[in-house]
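Worksheet for the structure shown next.
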Amino acid sequence: MKVDELTSQLMEEIEPDLLDFIRTKVTSFIKWDLIRFLCKNPNTADTAERLARFAGRSPDAVRPELEEMVQQGLLEVRIIAGIPVYSLSRDKKMRMMVEKFIKACEDRQFRVKVVYHIMRNLAETKEGS
Amino acid sequence: MERIKTGISGLDEMLAGGFFPRSANLVEGAPGTGKTTLGMQFIYNGIVKYGEPGIIITFEQFPEQYYRDAAHFGWDFKKFEEEGLLKVFMTSPEVSRLDLENIDGIIEQAVEEMGAKRILIDSISHFERLTKDPNELRSIEYAFINSLKRLGLTSILTRESAVLLGGETDTYGLSYVVDSYILLRYVEMESRIYKALLVLKLRGSDHAKDIRRFEITDQGIEILERFEGREGIMSGSPRRMAESFIEAFVRR
């Protein structure tokens, strides 16, 4: 069995709403880190620089990911005195989905599947560019 | 006159009943003296004993650490957040300051939605990063404190003191801006470390002048008896009164 087929088979075992969340929202390891951090600290409202520091990443790497997460409806952004300030979406459905994803991540097998998915996604993005 | 009780037995007596409504109250101490615990207890008691929702703004410690530390005392902050009685915000001094200056900012919205009456700022020391100019710093802190008052909040602002024992108090002006000033200190006596609390200032009211011993128990902060027969408590290394008498008069 090819790696792609194995990955697809593994992903199919995931609940449909979670699978959709992973496929459309958790498309990189940085996003995963940020989702985890914001789920554990849901009333965080801060700049890209500070969020990058909390996630142990570089601001340059985090900034475009944050922008994508805003477009995907995961995050909200407010411009305060010219500074973009990011926070987790207040949408209840989105927050429930984030919590469901982080809860599911407690299972090692699930985490492995998400890792496969992200790696495949990153490889596809690389091929595409 | 109406008072906002901390709900900490012994402390409200020292404050002649509690803080004033819409007041800013500074709690200063070295790391580990219990500043954050005192602030969390003020918020917890507000919710549980007095029906007053609260907000915590943290600039460095992650909210999940507050949930964990509060749980150690049996305070379920996670549940309070789910019930809309508490919000633990993580942000930066720059963002919180600018947000409060704006109309309908994140903090103002939360205060209105929750009907929050109390706030813990942990810690105001982080504002010192914003400027090196002491006058500008005092101005920034003054505006920040006033914006909290404008929202109808009674606040506890914690501030870190750099030294473990004794140490100088405020030199650049925050203590002049706040309405009350509480000092927490480590005190060394007979090869043991104790914790001491002193209400240094309470604007517009009388307050206890004695220095009290306190402990952090599994219920939170507990104010105990005053230090008797010693002087120089706030220096961190007190002496018995007799020793200081001998030093001052007999050894001359």
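Chains: A, B, ... in order of the structure tokens. Residues: from 1 per chain. Ligands: from 1, in order shown.
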
### Task
Would you mind listing what lies within 9 Å of stretch 172-176 of chain B as a ChimeraX atom specification, with only C-alpha atoms counted and same-chain residues fewer than 4 positions away left out?
/B:26,134-135,137-138,141-142,180-181,201

Expected file: the selected residues, N, CA and C atoms, as a compact mmCIF listing (two decimals), in the first residue's frame:
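Now in result_37.txt:
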```txt
# COMPACT_ATOMS: atom_id res chain seq x y z
N LEU B 26 -2.65 48.72 45.07
CA LEU B 26 -1.36 48.15 44.72
C LEU B 26 -0.93 47.12 45.78
N PRO B 134 10.62 57.94 33.88
CA PRO B 134 9.73 57.74 35.02
C PRO B 134 8.47 58.61 34.99
N ASN B 135 8.60 59.82 34.45
CA ASN B 135 7.43 60.70 34.39
C ASN B 135 6.41 60.18 33.39
N LEU B 137 6.13 57.06 32.48
CA LEU B 137 5.59 55.83 33.05
C LEU B 137 4.46 56.14 34.02
N ARG B 138 4.68 57.13 34.88
CA ARG B 138 3.65 57.52 35.84
C ARG B 138 2.39 57.98 35.11
N GLU B 141 0.63 54.87 33.61
CA GLU B 141 -0.05 54.10 34.66
C GLU B 141 -1.28 54.85 35.19
N TYR B 142 -1.14 56.15 35.31
CA TYR B 142 -2.26 56.98 35.79
C TYR B 142 -3.45 56.86 34.84
N SER B 180 -4.71 52.55 47.44
CA SER B 180 -4.16 51.86 48.61
C SER B 180 -2.89 51.13 48.21
N TYR B 181 -2.07 50.85 49.21
CA TYR B 181 -0.74 50.28 48.96
C TYR B 181 -0.46 49.24 50.04
N LYS B 201 -0.85 52.39 52.96
CA LYS B 201 -1.65 53.57 52.60
C LYS B 201 -3.08 53.14 52.27
```

Got a sec: who's within 10 Å of A:Lys100, counting only C-alpha atoms, leaving out chain neighbours fewer than 5 positions off, as a short mmCIF file (atom, residue, chain, number, x, y, z; two decimals) with N, CA and C atoms, in the first residue's frame?
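In the end it all went to part_23.cif:
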```
data_model
loop_
_atom_site.label_atom_id
_atom_site.label_comp_id
_atom_site.auth_asym_id
_atom_site.auth_seq_id
_atom_site.Cartn_x
_atom_site.Cartn_y
_atom_site.Cartn_z
N ASP A 17 -16.81 15.68 10.99
CA ASP A 17 -16.62 17.10 11.33
C ASP A 17 -15.18 17.39 11.75
N LEU A 18 -14.58 16.43 12.46
CA LEU A 18 -13.18 16.60 12.86
C LEU A 18 -12.26 16.54 11.63
N PHE A 21 -12.39 19.71 9.84
CA PHE A 21 -11.64 20.73 10.60
C PHE A 21 -10.14 20.58 10.34
N CYS A 39 -6.65 27.37 22.58
CA CYS A 39 -7.68 26.55 23.23
C CYS A 39 -7.44 26.51 24.74
N MET A 94 -17.36 27.28 16.49
CA MET A 94 -15.93 27.19 16.19
C MET A 94 -15.15 26.83 17.46
N ARG A 95 -15.52 27.45 18.58
CA ARG A 95 -14.81 27.16 19.84
C ARG A 95 -15.03 25.70 20.25
N CYS A 105 -6.77 15.20 20.38
CA CYS A 105 -5.31 15.12 20.30
C CYS A 105 -4.69 14.43 21.52
#
```

### Task
Tell me the residues of chain B close to chain A, meaning within 9 Å using only C-alpha atoms, as a ChimeraX atom specification.
/B:62-64,87-92,95-96,98-99,102,105-106

### Task
Determine which residues of stretch 42-85 of chain A DSSP labels as helix (DSSP H, G or I) from the backbone of this structure, then write them out as a PyMOL selection string.
chain A and resi 48-55+59-71

#### Entry: Contacts of B:Glu112 within 12 Å, only C-alpha atoms, excl. fewer than 2 positions in-chain, as JSON, numbers by chain
{"B": [53, 54, 55, 84, 85, 104, 105, 106, 107, 108, 109, 110, 114, 115, 116, 117, 151, 152, 153]}

### Message
When DSSP is applied to the backbone of this structure, which of stretch 29-232 of chain B are assigned strand (DSSP E)? Write them out as a PyMOL selection string.
### Response
chain B and resi 29+54-58+86-90+118-122+154-160+180-189+192-202+212-217+220-226+230-231
